[in-house]
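The structure appears right after this line, and notes come after that.
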Amino acid sequence: MTVTCPKNPRWVSTLLRICILLAVACSHPLFAATDTAVTSSSDLLDLSIEELSTIQITTVTGASKYEQKVTEAPSSISIITSDDIRKFGYRTLADVLRSVRSFYVTYDRNYSYYGVRGFSRPGDFNTRVLLLVDGHRINDNVYDQAPLGTEFLLDMDLVNRIEVIRGPGSSLYGSNAFFGVINIITKSGGAVQGTELAASAASLDTYAGRISYGTSGPGGFNMLLSGSGYDSKGNAHLSYPEFAGINNGRADHRDNDRSHNFFSKISYRDFSFEGAYGYREKGVPTASYGSVFNAPDNRTIDENMYLDAAYRHVFADGISVVAKLSYDEKNYWEDYLMDYPPPTRNRDTAFGKWWTAEAQATGLFFQRHKVSAGAEYKDNIQQDQSNFDIDPPFTYLDDRRRSRLHAFYVEDEYRISDRLLANVGLRYDHYSSFGDTTNPRLALIYAPARTTIFKLLYGTAFRAPNVFELYYNDGITAKSNPNLKPEKIKTYELVYEQYLGPSIRTSVSGFSYRIENLITSVTDPGDGMSQFQNSNRTETRGIEMELEGKWQNGIRGRASYSVQKAKDMNTGEVLTNSPEQLGKVNIIVPLIKERVFLDPEYQYMSSRKTVGNSREGAFSIVNVTLYGRDMLKHLDIAFSVYNVFDTKYGDPGAGPPQHVQDVIPQDGRLFRIKLTYVF
Amino acid sequence: MSSRIPLKAGDSKLPRGRSLLLVLAWLCSCLFAASHAAAQPPKPTEYQIKAAFLYNFAKFVDWPEDSFHSETAPFVFGILGDDPFGDDVDALTMKTINSRAVKIRRMGDVREARACHVLFISSSEEEHIEQILRVMQTSRTLLVSDISNFAAQGGMINFIVKDNNVRFVINRAAMVKAGINLHSRLLKMAVMVYDSQDHTAN
């Protein structure tokens, strides 16, 4: 495995700074001896039986669909807890991902797009990572989009933990689990216990509120109900020199963002029901898709919802079964003022509806084989797209589709010996549109000592072309390509985890990804229209390092650094929007024991090539949250400063027609204060 | 089109002379940090918590004087089969139970186990569980295990993992039979209590 050794002295000093920041903070005598946290096995002995019953052990559900210890999961995994979300003041899932090893986020003032391991395609609506909420697939059936920003239907306050699972997951989950799976586990009603209110005020005239009610009772009864609202006026003025001819290149009051969402979850004995709804309206200040710059009501509306009913039962012989039935809806409207001329309002819509039925059984056989097998059936009853002018009415696109898929999978976790575990998985998918695909995953997990773990991982994954890529055809800017094939990835990864002494965990992993038939938007030089084609072959190689520690004085933190190179094998060029280095540091420092915490985080991104073939410079961002628990009776206060040093930076645009801007400038310093009260 | 936004890379420049100083500062800090490191992984492991539970179980059982050979005899925790705790259970030896010193004994044969006060049966013994329970039937030993359905099969305390928490199921009938008296606080914290031996698992 070859990895470019960075020659740039910049990153050396950056990495150095990261280390110093971490080490100095952790060793600072000021904070020594302010500790009550449970830090050792002997401290655990002093806890009461009631306290012990509430301590969370580190397990992961997403990597193998059932609960599993992190060290035995067949992937490289990061876990973000509700405690991290509170203490670092994370507002959205995008904020969370920015802090996770080898992830980065691009924002175009409408949607947030993740990048992972140097891979983020312009114009890709987050199709290559599968997003799950309590095991329910969130990616929709028109764009395959995973919503990460304010368009996501779940309030971050309702999250119990987020498992970020790197590597292909198609052997279990099928399409979209291409680079990884993000599995969000929501809080149980018992974790809220009563009524909880949260309110926040932030820069850019931003206000948000939430009310939640949770309860639990005998027989496994558990209920959580929650509703949230969010309103932001956004930047009063945004400057885009590309439009210097209109209003001096200033978009005035065009950055508004408003959303609300509801969440409910009820479980009793073996049954559970979950429903979620989210609505967001966002002003688009960038004059996307050739719309009139600084026109009022250039906007997008996203509405997502799902209902999910599940039955889980563990039989006396240890075999557990899960059966699920769910219904999803995605509605999307995009309004733009176009100047043909005359100025005309144009609307783009997408409506998706789908049913999914799933069943899975897991059992232990011959003492050493933990086998799970499952089946999935999905009926996309509606996958409609349209594009039309409102007045005078004219229809450019009216495409209606319906499709189905079924799949079977099996996974065997084979404990060969106490030290060696093999995990073998295989999934077969049949799509009514393009046919079959079969994807395996193999993992060997070897622990020569209790503190040392090696994981050798091999996997393949696919992503089926979505109806947007297949059939979007307005006859002017984009044409369809019904012959698209699925894109495929083949991956190898070696993970080495080492506990250094009892308080520090380190991990190093090296990976190699090869993608064939990558679905990419290509402009036809003949007619100037864009079309999705199976064109590129790409290859990514990289190394990641992470250090996680907890010290006696209550300080804990993690730091990670990743180097990767993602190349287009046809042209030999580095991909656009692909930083070669990413660095992250997160530290939680207790100021007053168990009450007040100061939590800085640091994120570094090296330079990225833009679609317009220029380079967007490297930058660093520091965010700090001061978090106080029980400041007044039952009142938590969090004060956050984002981009503390007001660093000026921008994210690459997706290129025309989506963005005329080659680089889209990002927000400077922002503040937020948030109060949470429990009755 | 080409809108180059003036970019200050937050902290990408660092005067060269300071680099050495930074390296030194970093090394010193690392040493200092290492010396402050506490004795524990970032999150408690499943078996650290289980070890702590074992200690609590021992505290919540009445141990009559005749459970011990002499006034100075130690309180004995036994681990039967492959030891999943490692060093984590050794912290128990720093504690006392009923003002008696604590001893940990690891063993491979159930016949050695009869002298223990609390016996943890490792999942490596799952195949022999019936035989083990038969041998232990007449000893006054608190039997704990995380083998699935241990309590249903006649064991006394069965660890389970529920919602990522370590919890336990109690078979009270088995304890009564062995003459072990349990504090009600333990019963209250159990996820499930079997009152009669013929109860089947859920």
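In the structure tokens, chains take the letters A, B, ... in the order shown, each chain's residues start at 1, and ligands count up from 1 in the order shown.
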Compile the contact shell of A:Ala251 as a list in words: residues with an atom at most 12 Å away, counting only C-alpha atoms, same-chain residues fewer than 6 positions apart removed. Arg109, Gly234, Asn235, Ala236, His237, Leu238, Ser239, Tyr240, Pro241, Glu242, Phe243, Ala244, Gly245, Gly283, Val284, Pro285, Thr286, Ala287, Val292, Phe293, Asn294, Ala295, Pro296, Asp297 and Asn298 of chain A
With N, CA and C atoms kept, could you save the residues just selected as a CSV table (one decimal), in the first residue's frame?
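In the end it all went to selection.csv:
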```csv
chain,number,residue,atom,x,y,z
A,109,ARG,N,-25.0,26.2,0.8
A,109,ARG,CA,-26.0,27.1,1.3
A,109,ARG,C,-27.4,26.6,1.0
A,234,GLY,N,-30.7,33.7,8.4
A,234,GLY,CA,-29.5,33.5,7.6
A,234,GLY,C,-28.8,34.8,7.4
A,235,ASN,N,-27.8,34.8,6.6
A,235,ASN,CA,-26.9,35.9,6.3
A,235,ASN,C,-27.8,37.0,5.6
A,236,ALA,N,-27.7,38.2,6.1
A,236,ALA,CA,-28.5,39.3,5.5
A,236,ALA,C,-27.9,39.6,4.1
A,237,HIS,N,-26.6,39.5,4.0
A,237,HIS,CA,-26.0,39.8,2.7
A,237,HIS,C,-25.0,38.8,2.4
A,238,LEU,N,-25.0,38.2,1.2
A,238,LEU,CA,-24.0,37.3,0.8
A,238,LEU,C,-23.4,37.8,-0.5
A,239,SER,N,-22.1,37.8,-0.6
A,239,SER,CA,-21.5,38.4,-1.8
A,239,SER,C,-21.0,37.3,-2.8
A,240,TYR,N,-21.4,37.4,-4.0
A,240,TYR,CA,-20.9,36.5,-5.0
A,240,TYR,C,-20.5,37.3,-6.2
A,241,PRO,N,-19.1,37.6,-6.3
A,241,PRO,CA,-18.6,38.4,-7.4
A,241,PRO,C,-19.0,37.9,-8.8
A,242,GLU,N,-19.3,36.6,-8.9
A,242,GLU,CA,-19.7,36.1,-10.2
A,242,GLU,C,-20.9,36.8,-10.7
A,243,PHE,N,-21.7,37.4,-9.8
A,243,PHE,CA,-22.9,38.1,-10.3
A,243,PHE,C,-22.8,39.6,-10.1
A,244,ALA,N,-21.6,40.1,-10.2
A,244,ALA,CA,-21.3,41.6,-10.0
A,244,ALA,C,-22.3,42.5,-10.7
A,245,GLY,N,-22.8,42.0,-11.8
A,245,GLY,CA,-23.7,42.8,-12.6
A,245,GLY,C,-25.1,43.0,-12.0
A,283,GLY,N,-34.1,29.1,1.5
A,283,GLY,CA,-33.8,30.0,0.5
A,283,GLY,C,-32.5,29.7,-0.2
A,284,VAL,N,-32.4,29.8,-1.5
A,284,VAL,CA,-31.2,29.4,-2.2
A,284,VAL,C,-30.6,30.7,-2.8
A,285,PRO,N,-29.5,31.2,-2.1
A,285,PRO,CA,-28.9,32.5,-2.5
A,285,PRO,C,-27.9,32.4,-3.6
A,286,THR,N,-27.6,31.2,-4.1
A,286,THR,CA,-26.5,31.0,-5.0
A,286,THR,C,-26.9,31.1,-6.5
A,287,ALA,N,-28.2,31.3,-6.8
A,287,ALA,CA,-28.7,31.3,-8.1
A,287,ALA,C,-28.4,30.0,-8.9
A,292,VAL,N,-32.4,33.4,-11.6
A,292,VAL,CA,-32.1,34.8,-11.5
A,292,VAL,C,-31.5,35.1,-10.2
A,293,PHE,N,-30.4,35.7,-10.2
A,293,PHE,CA,-29.6,36.0,-9.0
A,293,PHE,C,-30.4,37.1,-8.1
A,294,ASN,N,-30.4,36.8,-6.8
A,294,ASN,CA,-31.1,37.7,-5.8
A,294,ASN,C,-32.6,37.8,-6.1
A,295,ALA,N,-33.2,36.9,-6.7
A,295,ALA,CA,-34.7,36.9,-6.9
A,295,ALA,C,-35.3,36.3,-5.6
A,296,PRO,N,-36.4,36.9,-5.2
A,296,PRO,CA,-37.0,36.3,-4.0
A,296,PRO,C,-37.6,35.0,-4.3
A,297,ASP,N,-37.7,34.2,-3.3
A,297,ASP,CA,-38.4,32.9,-3.4
A,297,ASP,C,-37.7,31.9,-4.3
A,298,ASN,N,-36.4,32.0,-4.6
A,298,ASN,CA,-35.6,30.9,-5.1
A,298,ASN,C,-35.4,30.0,-3.9
```
Please return, as a list in words, all residues of stretch 47-156 of chain B that DSSP assigns to strand (DSSP E) on the basis of the backbone.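 Going through stretch 47-156 of chain B, the strand (DSSP E) residues come out as Val61, Asp62, Phe75, Val76, Phe77, Gly78, Ile79, Leu80, Thr96, Ile97, Arg100, Ala101, Val102, Lys103, Ile104, Arg105, Arg106, Met107, Val118, Leu119, Phe120, Ile121, Leu142, Leu143, Val144 and Ser145 of chain B.
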What parts of stretch 214-433 of chain A does DSSP call helix (DSSP H, G or I)? I'd like the answer as number ranges by chain. A: 218-220, 241-243, 247-249, 288-290
Go ahead and write the selection's residues with C-alpha atoms as a compact mmCIF listing (two decimals), in the first residue's frame.
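Final file, selection.txt:
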```txt
# COMPACT_ATOMS: atom_id res chain seq x y z
CA PRO A 218 -43.34 -2.29 33.27
CA GLY A 219 -43.43 -4.85 30.48
CA GLY A 220 -40.87 -2.95 28.48
CA PRO A 241 -18.60 38.41 -7.35
CA GLU A 242 -19.70 36.11 -10.20
CA PHE A 243 -22.93 38.14 -10.27
CA ASN A 247 -27.25 44.17 -7.17
CA ASN A 248 -23.43 44.50 -7.00
CA GLY A 249 -23.19 40.73 -6.62
CA SER A 288 -28.49 27.59 -8.75
CA TYR A 289 -29.33 26.02 -12.11
CA GLY A 290 -29.29 29.29 -14.01
```
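Using only C-alpha atoms for every distance, the candidate list B:Ala174, B:Ile157, B:Ala58, B:Val144 yields B:Val144 as the residue closest to B:Phe120.
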With distances taken over only C-alpha atoms, which residue among A:Glu329, A:Asp398, A:Asp255, A:Asp270 lies nearest A:Asp667?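 Of A:Glu329, A:Asp398, A:Asp255, A:Asp270, the one nearest A:Asp667, counting only C-alpha atoms, is A:Asp255.
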Which of A:Glu376, A:Glu544, A:Asp412, A:Glu616 sits closest to chain B [using only C-alpha atoms]: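 That would be A:Glu616, the residue with the smallest distance to chain B.
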Do a neighbour search on A:Asn570 at 12 Å with only C-alpha atoms, toss out local chain neighbours closer than 4 positions, and write the hits as a compact mmCIF listing (two decimals) with N, CA and C atoms, in the first residue's frame.
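File produced: selection_36.txt:
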```txt
# COMPACT_ATOMS: atom_id res chain seq x y z
N ILE A 515 -13.04 1.83 -7.56
CA ILE A 515 -14.42 1.98 -8.01
C ILE A 515 -14.48 1.82 -9.53
N GLU A 516 -15.44 1.02 -9.96
CA GLU A 516 -15.66 0.82 -11.40
C GLU A 516 -17.03 1.38 -11.76
N ASN A 517 -17.16 1.87 -12.98
CA ASN A 517 -18.45 2.34 -13.48
C ASN A 517 -19.05 3.47 -12.65
N LEU A 518 -18.21 4.28 -12.08
CA LEU A 518 -18.69 5.39 -11.27
C LEU A 518 -19.70 6.22 -12.06
N SER A 535 -18.73 6.26 -16.19
CA SER A 535 -17.51 6.55 -16.90
C SER A 535 -16.27 6.19 -16.11
N ASN A 536 -16.07 6.90 -15.02
CA ASN A 536 -14.76 6.85 -14.42
C ASN A 536 -14.45 5.56 -13.66
N ARG A 537 -13.18 5.29 -13.63
CA ARG A 537 -12.63 4.31 -12.74
C ARG A 537 -11.79 5.11 -11.76
N THR A 538 -12.00 4.95 -10.47
CA THR A 538 -11.20 5.73 -9.53
C THR A 538 -10.55 4.82 -8.51
N GLU A 539 -9.51 5.34 -7.92
CA GLU A 539 -8.82 4.57 -6.92
C GLU A 539 -8.44 5.48 -5.77
N VAL A 574 -6.01 13.90 -9.69
CA VAL A 574 -6.64 13.84 -8.36
C VAL A 574 -8.08 14.33 -8.49
N LEU A 575 -9.00 13.71 -7.74
CA LEU A 575 -10.41 14.09 -7.83
C LEU A 575 -10.65 15.49 -7.28
```
Can you pull out every residue within 12 Å of A:Arg137, counting only C-alpha atoms, but drop anything in the same chain fewer than 3 positions away, and send it as a VMD selection string? chain A and resid 62 129 to 134 140 to 141 144 to 147 173 to 177 181 to 184 304 to 308 324 to 329 354 to 358 376 378
Any chance you could export the current selection's N, CA and C atoms as a short mmCIF file (atom, residue, chain, number, x, y, z; two decimals), in the first residue's frame?
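Generated output (selection.cif):
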```
data_model
loop_
_atom_site.label_atom_id
_atom_site.label_comp_id
_atom_site.auth_asym_id
_atom_site.auth_seq_id
_atom_site.Cartn_x
_atom_site.Cartn_y
_atom_site.Cartn_z
N GLY A 62 -24.84 -1.46 14.09
CA GLY A 62 -24.96 -1.26 12.64
C GLY A 62 -24.10 -2.18 11.79
N VAL A 129 -23.42 6.88 1.00
CA VAL A 129 -23.37 6.38 2.37
C VAL A 129 -24.82 6.12 2.76
N LEU A 130 -25.06 4.99 3.39
CA LEU A 130 -26.41 4.66 3.82
C LEU A 130 -26.66 5.28 5.19
N LEU A 131 -27.76 6.03 5.30
CA LEU A 131 -28.11 6.65 6.57
C LEU A 131 -29.29 5.89 7.18
N LEU A 132 -29.12 5.43 8.41
CA LEU A 132 -30.18 4.67 9.08
C LEU A 132 -30.57 5.38 10.37
N VAL A 133 -31.87 5.40 10.68
CA VAL A 133 -32.32 5.85 11.99
C VAL A 133 -33.00 4.65 12.63
N ASP A 134 -32.45 4.17 13.73
CA ASP A 134 -32.94 2.95 14.39
C ASP A 134 -33.11 1.82 13.38
N ASP A 140 -33.67 8.42 0.18
CA ASP A 140 -34.97 8.35 -0.49
C ASP A 140 -34.91 7.53 -1.77
N ASN A 141 -36.05 7.41 -2.48
CA ASN A 141 -36.07 6.54 -3.66
C ASN A 141 -36.07 7.30 -4.98
N ASP A 144 -31.79 9.16 -3.84
CA ASP A 144 -30.94 8.40 -2.91
C ASP A 144 -30.33 9.30 -1.85
N GLN A 145 -30.94 10.45 -1.63
CA GLN A 145 -30.30 11.46 -0.80
C GLN A 145 -30.35 11.13 0.69
N ALA A 146 -29.21 11.30 1.35
CA ALA A 146 -29.15 11.24 2.81
C ALA A 146 -29.06 12.67 3.31
N PRO A 147 -30.09 13.17 3.99
CA PRO A 147 -30.08 14.56 4.45
C PRO A 147 -29.19 14.73 5.68
N TYR A 173 -26.72 -4.48 3.71
CA TYR A 173 -27.72 -3.44 3.51
C TYR A 173 -28.07 -3.17 2.06
N GLY A 174 -27.33 -3.72 1.13
CA GLY A 174 -27.63 -3.48 -0.28
C GLY A 174 -27.14 -2.13 -0.75
N SER A 175 -27.92 -1.47 -1.61
CA SER A 175 -27.49 -0.24 -2.26
C SER A 175 -27.19 0.87 -1.25
N ASN A 176 -26.40 1.81 -1.69
CA ASN A 176 -26.01 3.00 -0.93
C ASN A 176 -24.95 2.75 0.14
N ALA A 177 -24.85 1.52 0.66
CA ALA A 177 -23.84 1.27 1.69
C ALA A 177 -22.51 1.07 0.98
N VAL A 181 -21.80 3.19 6.42
CA VAL A 181 -23.15 3.26 6.96
C VAL A 181 -23.11 4.18 8.17
N ILE A 182 -24.08 5.10 8.24
CA ILE A 182 -24.22 5.92 9.43
C ILE A 182 -25.49 5.46 10.12
N ASN A 183 -25.34 4.88 11.30
CA ASN A 183 -26.46 4.29 12.00
C ASN A 183 -26.76 5.14 13.23
N ILE A 184 -27.94 5.76 13.25
CA ILE A 184 -28.31 6.62 14.37
C ILE A 184 -29.27 5.87 15.27
N ASN A 304 -39.95 14.89 4.44
CA ASN A 304 -39.65 13.46 4.57
C ASN A 304 -40.45 12.88 5.71
N MET A 305 -40.90 11.67 5.56
CA MET A 305 -41.54 11.02 6.70
C MET A 305 -41.45 9.51 6.60
N TYR A 306 -41.52 8.85 7.75
CA TYR A 306 -41.60 7.39 7.73
C TYR A 306 -42.40 6.86 8.90
N LEU A 307 -42.96 5.69 8.70
CA LEU A 307 -43.66 4.96 9.75
C LEU A 307 -43.07 3.56 9.74
N ASP A 308 -42.84 3.04 10.91
CA ASP A 308 -42.11 1.79 11.00
C ASP A 308 -42.72 0.94 12.12
N LYS A 324 -40.06 -6.44 10.20
CA LYS A 324 -40.36 -5.00 10.13
C LYS A 324 -41.16 -4.68 8.88
N LEU A 325 -42.05 -3.72 9.06
CA LEU A 325 -42.81 -3.23 7.91
C LEU A 325 -42.76 -1.71 7.99
N SER A 326 -42.42 -1.06 6.88
CA SER A 326 -42.34 0.39 6.97
C SER A 326 -42.83 1.07 5.69
N TYR A 327 -43.24 2.30 5.88
CA TYR A 327 -43.73 3.13 4.77
C TYR A 327 -43.00 4.46 4.81
N ASP A 328 -42.54 4.92 3.66
CA ASP A 328 -41.78 6.16 3.58
C ASP A 328 -42.34 7.09 2.51
N GLU A 329 -42.15 8.37 2.76
CA GLU A 329 -42.51 9.35 1.75
C GLU A 329 -41.46 10.44 1.66
N TRP A 354 -42.68 4.62 -0.77
CA TRP A 354 -42.25 3.23 -0.84
C TRP A 354 -42.56 2.45 0.43
N TRP A 355 -42.81 1.15 0.21
CA TRP A 355 -43.04 0.19 1.29
C TRP A 355 -41.84 -0.72 1.39
N THR A 356 -41.49 -1.08 2.61
CA THR A 356 -40.41 -2.04 2.78
C THR A 356 -40.81 -3.08 3.82
N ALA A 357 -40.57 -4.34 3.51
CA ALA A 357 -40.79 -5.42 4.48
C ALA A 357 -39.46 -6.14 4.67
N GLU A 358 -39.13 -6.40 5.92
CA GLU A 358 -37.85 -7.03 6.21
C GLU A 358 -38.04 -8.09 7.28
N GLU A 376 -35.42 -9.01 2.33
CA GLU A 376 -35.97 -7.66 2.26
C GLU A 376 -36.75 -7.54 0.95
N LYS A 378 -38.81 -4.46 -1.26
CA LYS A 378 -39.12 -3.02 -1.30
C LYS A 378 -39.92 -2.73 -2.55
#
```
Please provide as number ranges by chain all residues within 6 Å of A:Lys565, with the sequence filter that same-chain residues fewer than 4 positions apart are discarded (counting only C-alpha atoms). A: 540-541, 580
With C-alpha atoms retained, could you export that selection as a tab-separated table (two decimals), in the first residue's frame?
```tsv
chain	number	residue	atom	x	y	z
A	540	THR	CA	-8.30	5.82	-3.39
A	541	ARG	CA	-5.57	4.85	-0.99
A	580	GLU	CA	-5.37	14.88	0.88
```
Of the residues A:Ser171, A:Thr452, A:Ser216, A:Phe125, which is the one nearest to A:Gln193, using only C-alpha atoms?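 Looking at the shortest contact to A:Gln193, the residue is A:Ser216.
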Excluding same-chain residues fewer than 3 positions from A:Pro342, what lies within 12 Å of it counting only C-alpha atoms, as a PyMOL selection string? chain A and resi 292+337-339+345-346+389+391-392
For the selection you just gave me, I'd like the residues written to a file as a PDB file, in the first residue's frame, keeping N, CA and C atoms.
```pdb
ATOM      1  N   VAL A 292     -32.449  33.362 -11.603  1.00  0.00           N
ATOM      2  CA  VAL A 292     -32.133  34.787 -11.515  1.00  0.00           C
ATOM      3  C   VAL A 292     -31.511  35.095 -10.165  1.00  0.00           C
ATOM      4  N   LEU A 337     -36.784  31.322 -10.147  1.00  0.00           N
ATOM      5  CA  LEU A 337     -37.187  32.302 -11.146  1.00  0.00           C
ATOM      6  C   LEU A 337     -36.159  32.244 -12.282  1.00  0.00           C
ATOM      7  N   MET A 338     -36.640  31.885 -13.479  1.00  0.00           N
ATOM      8  CA  MET A 338     -35.755  31.790 -14.628  1.00  0.00           C
ATOM      9  C   MET A 338     -36.022  33.002 -15.517  1.00  0.00           C
ATOM     10  N   ASP A 339     -35.004  33.462 -16.223  1.00  0.00           N
ATOM     11  CA  ASP A 339     -35.218  34.572 -17.149  1.00  0.00           C
ATOM     12  C   ASP A 339     -34.949  34.084 -18.557  1.00  0.00           C
ATOM     13  N   ARG A 345     -41.494  31.708 -13.472  1.00  0.00           N
ATOM     14  CA  ARG A 345     -41.256  30.830 -12.320  1.00  0.00           C
ATOM     15  C   ARG A 345     -41.286  29.383 -12.775  1.00  0.00           C
ATOM     16  N   ASN A 346     -40.209  28.674 -12.437  1.00  0.00           N
ATOM     17  CA  ASN A 346     -40.087  27.276 -12.829  1.00  0.00           C
ATOM     18  C   ASN A 346     -40.086  26.404 -11.577  1.00  0.00           C
ATOM     19  N   ASP A 389     -42.948  25.125 -16.023  1.00  0.00           N
ATOM     20  CA  ASP A 389     -43.125  26.556 -15.776  1.00  0.00           C
ATOM     21  C   ASP A 389     -44.525  26.761 -15.243  1.00  0.00           C
ATOM     22  N   ASP A 391     -46.304  29.958 -14.989  1.00  0.00           N
ATOM     23  CA  ASP A 391     -47.136  30.866 -15.776  1.00  0.00           C
ATOM     24  C   ASP A 391     -46.280  31.567 -16.830  1.00  0.00           C
ATOM     25  N   PRO A 392     -46.435  31.350 -18.084  1.00  0.00           N
ATOM     26  CA  PRO A 392     -47.411  30.444 -18.711  1.00  0.00           C
ATOM     27  C   PRO A 392     -47.011  28.998 -18.489  1.00  0.00           C
TER      28      PRO A 392
END
```
List as JSON, numbers by chain the protein and nucleic acid residues near A:His369, meaning an atom at most 8 Å away when only C-alpha atoms are counted, but skip any in the same chain fewer than 5 places from it. {"A": [364, 412, 413, 414, 415]}
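Counting only C-alpha atoms and comparing A:Gly475, A:Gly363, A:Pro525, A:Pro486, the residue that lies closest to chain B is A:Gly363.
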Which residue of B:Ile160, B:Ile97, B:Ile132, B:Cys116 approaches B:Ser148 most closely, using only C-alpha atoms: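 Ranking B:Ile160, B:Ile97, B:Ile132, B:Cys116 by distance to B:Ser148, first place goes to B:Ile160.
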